[in-house]
Amino acid sequence: MKKKLLIVMMACLLVLLAACGRANTAPQNEAPAEPAAETTGDGQNPVMNFVGLYGAGKGSLLVEAEGEDGAKITVTWANGAAEKSQWVMSGPFDEETLSVAYSNCVKTDLVFTDDESDPAETEVYTDGTGRIVFDGERYALSWEDDQEHIADGTVFLGGQPVEETEQTEEAAAEEDPNYYAMVTAMEKSEVERLAATVREAYLAEDWATIAELIRYPISMYPDVKVNSEEEFLAYMNGKTVHESDRAVMEEESCRNMFFNGQGICFADGEIWMNDIHYMTEEPPVLEIVAVSGIVEK
């Protein structure tokens, strides 16, 4: 009886060993399957995951897929009520860094008259370099421009639902006293209190208040150099704010304002302010360095 039981047990062991051998040997005509998550190369341009229109303040950025792995980028930036700049560039998409490096950027300045369908165009350069970096966690990107650094520190948000992201960023900005630290040492609350005063004076055409805040000399349209408060008030005699400029300034909240290397921008560039003491040990002083949107009554 014991001998028969031993024989049965040995037979079972041989069957198990044979089964294990077959399980560890892949068929010669069938490669081991890779995890689906690691599968790539479906023939789609990876830029398709990021195409669309992104916006930030005065700028908009359009991303389009080009070829098998390339992207075409078009940036439009408002310089005023009737002036815009446009950058068009393209390059291959790097899936590892989620970025597009370019060296063929063409910048064009556009000046609109009454017929906006036919603006006057001036080509500024054709060999701009830089890169676009996409955010892999949300529908957003940043633009690193080597020529003018016009959008350094700016986050462009896309057309997908970003309400929660916007609310989070706005809340963080509201709490950050150093929000404008790239252009002035003045705390955020002080900057925006002064900005509100400037906005109200501009809309009320209170040129005396504006005159006291200007850094002289200042250039006024059309190429008029003004050297003092008295000259500014004389220049503004008989002038008013253009309707389109008034409309956009009325919408300016003076909260979390756009800024770059030129200073702090109001609305579409009707007013620009910067700090004469920036990067010095002197107390911060914000002054008006540009006033536009002014026309004859």
# chains A, B, ... in the order shown; residues from 1 in each chain; ligands from 1
>>> select_by_dssp(residues="stretch 122-165 of chain A", states="strand (DSSP E or B)", output="list in words")
Thr122, Glu123, Val124, Tyr125, Thr126, Asp127, Gly128, Thr129, Gly130, Arg131, Ile132, Val133, Phe134, Ala140, Leu141, Ser142, Trp143, Glu144, Asp145, Phe156 and Leu157 of chain A
>>> residues_around(residues="A:Ala247", least_positions_apart="6", cutoff="10 Å", atoms="only C-alpha atoms", output="list of chain:residue names")
A:Leu203, A:Val241, A:Ala267
>>> atom_distance(atom1="atom CA of A:Glu270", atom2="atom CA of A:Ala181")
22.0 Å
>>> residues_around(residues="A:Val295", least_positions_apart="3", cutoff="7 Å", atoms="only C-alpha atoms", output="ChimeraX atom specification")
/A:239-242
>>> write_last_selection(atoms="N, CA, C and O atoms", output="mmCIF file, in the first residue's frame")
data_model
loop_
_atom_site.group_PDB
_atom_site.id
_atom_site.type_symbol
_atom_site.label_atom_id
_atom_site.label_comp_id
_atom_site.auth_asym_id
_atom_site.auth_seq_id
_atom_site.Cartn_x
_atom_site.Cartn_y
_atom_site.Cartn_z
ATOM 1 N N LYS A 239 -7.854 117.320 -24.892
ATOM 2 C CA LYS A 239 -7.785 115.902 -25.263
ATOM 3 C C LYS A 239 -8.664 115.067 -24.346
ATOM 4 O O LYS A 239 -9.046 115.498 -23.255
ATOM 5 N N THR A 240 -8.974 113.853 -24.804
ATOM 6 C CA THR A 240 -9.837 112.952 -24.057
ATOM 7 C C THR A 240 -9.387 111.512 -24.251
ATOM 8 O O THR A 240 -8.499 111.247 -25.077
ATOM 9 N N VAL A 241 -9.991 110.608 -23.524
ATOM 10 C CA VAL A 241 -9.669 109.181 -23.643
ATOM 11 C C VAL A 241 -10.513 108.569 -24.761
ATOM 12 O O VAL A 241 -11.735 108.767 -24.797
ATOM 13 N N HIS A 242 -9.865 107.841 -25.647
ATOM 14 C CA HIS A 242 -10.584 107.182 -26.743
ATOM 15 C C HIS A 242 -11.588 106.182 -26.171
ATOM 16 O O HIS A 242 -11.359 105.559 -25.135
#
>>> closest_residue(among="A:Val124, A:Ile132, A:Val183, A:Met236", to="A:Ser103", atoms="only C-alpha atoms")
A:Ile132
>>> select_by_dssp(residues="stretch 104-234 of chain A", states="helix (DSSP H, G or I)", output="ChimeraX atom specification")
/A:163-175,188-204,207-213,229-234
>>> write_last_selection(atoms="C-alpha atoms", output="compact mmCIF listing (two decimals), in the first residue's frame")
# COMPACT_ATOMS: atom_id res chain seq x y z
CA GLU A 163 -12.01 76.76 -13.11
CA GLU A 164 -10.50 75.00 -10.12
CA THR A 165 -6.95 75.73 -11.28
CA GLU A 166 -7.75 79.39 -11.84
CA GLN A 167 -9.37 79.70 -8.43
CA THR A 168 -6.38 78.05 -6.75
CA GLU A 169 -3.88 80.29 -8.54
CA GLU A 170 -5.93 83.41 -7.86
CA ALA A 171 -6.19 82.56 -4.17
CA ALA A 172 -2.42 81.98 -3.97
CA ALA A 173 -1.76 85.27 -5.78
CA GLU A 174 -4.07 87.17 -3.44
CA GLU A 175 -2.09 85.94 -0.45
CA LYS A 188 1.13 93.73 -3.65
CA SER A 189 -1.53 95.60 -1.66
CA GLU A 190 0.33 98.92 -2.06
CA VAL A 191 0.89 98.39 -5.79
CA GLU A 192 -2.78 97.67 -6.40
CA ARG A 193 -3.95 100.55 -4.19
CA LEU A 194 -1.81 102.93 -6.27
CA ALA A 195 -2.96 101.27 -9.50
CA ALA A 196 -6.60 101.82 -8.55
CA THR A 197 -5.87 105.53 -7.99
CA VAL A 198 -4.20 105.78 -11.41
CA ARG A 199 -7.09 103.98 -13.11
CA GLU A 200 -9.69 106.26 -11.54
CA ALA A 201 -7.72 109.37 -12.51
CA TYR A 202 -7.34 108.14 -16.11
CA LEU A 203 -11.06 107.43 -16.46
CA ALA A 204 -11.99 110.74 -14.81
CA TRP A 207 -4.67 114.83 -15.66
CA ALA A 208 -3.28 116.74 -12.67
CA THR A 209 -3.14 113.52 -10.63
CA ILE A 210 -1.64 111.61 -13.54
CA ALA A 211 0.93 114.39 -14.09
CA GLU A 212 2.22 114.08 -10.52
CA LEU A 213 2.89 110.34 -11.00
CA GLU A 229 4.11 118.41 -15.27
CA GLU A 230 3.36 121.80 -16.82
CA GLU A 231 4.14 120.56 -20.33
CA PHE A 232 2.04 117.44 -19.77
CA LEU A 233 -0.99 119.43 -18.62
CA ALA A 234 -0.58 121.77 -21.59
>>> residues_around(residues="A:Gln86", least_positions_apart="2", cutoff="9 Å", atoms="only C-alpha atoms", output="VMD selection string")
chain A and resid 74 to 78 84 88 106 to 110
>>> closest_residue(among="A:Gly261, A:Gly91, A:Gly52, A:Gly293", to="A:Thr184", atoms="only C-alpha atoms")
A:Gly261
>>> closest_residue(among="A:Glu282, A:Asp94, A:Glu66, A:Asp275", to="A:Met182", atoms="only C-alpha atoms")
A:Asp275
>>> closest_residue(among="A:Ile73, A:Met186, A:Asp245, A:Gly263", to="A:Pro283", atoms="only C-alpha atoms")
A:Met186
>>> atom_distance(atom1="atom CA of A:Thr97", atom2="atom CA of A:Ser85")
28.0 Å
>>> residues_around(residues="A:Phe134", least_positions_apart="4", cutoff="8 Å", atoms="only C-alpha atoms", output="number ranges by chain")
A: 50, 98-99, 139-142
>>> write_last_selection(atoms="C-alpha atoms", output="mmCIF file, in the first residue's frame")
data_model
loop_
_atom_site.group_PDB
_atom_site.id
_atom_site.type_symbol
_atom_site.label_atom_id
_atom_site.label_comp_id
_atom_site.auth_asym_id
_atom_site.auth_seq_id
_atom_site.Cartn_x
_atom_site.Cartn_y
_atom_site.Cartn_z
ATOM 1 C CA PHE A 50 -1.928 69.826 -26.194
ATOM 2 C CA LEU A 98 7.093 68.034 -22.914
ATOM 3 C CA SER A 99 8.625 70.958 -24.768
ATOM 4 C CA TYR A 139 -3.858 72.273 -19.565
ATOM 5 C CA ALA A 140 -1.222 75.001 -19.311
ATOM 6 C CA LEU A 141 2.152 76.053 -20.732
ATOM 7 C CA SER A 142 4.927 78.605 -20.445
#
>>> closest_residue(among="A:Ser219, A:Ser228, A:Thr126, A:Asn256", to="A:Asn178", atoms="only C-alpha atoms")
A:Asn256
>>> closest_residue(among="A:Glu95, A:Glu148, A:Ala185, A:Trp143", to="A:His277", atoms="only C-alpha atoms")
A:Ala185
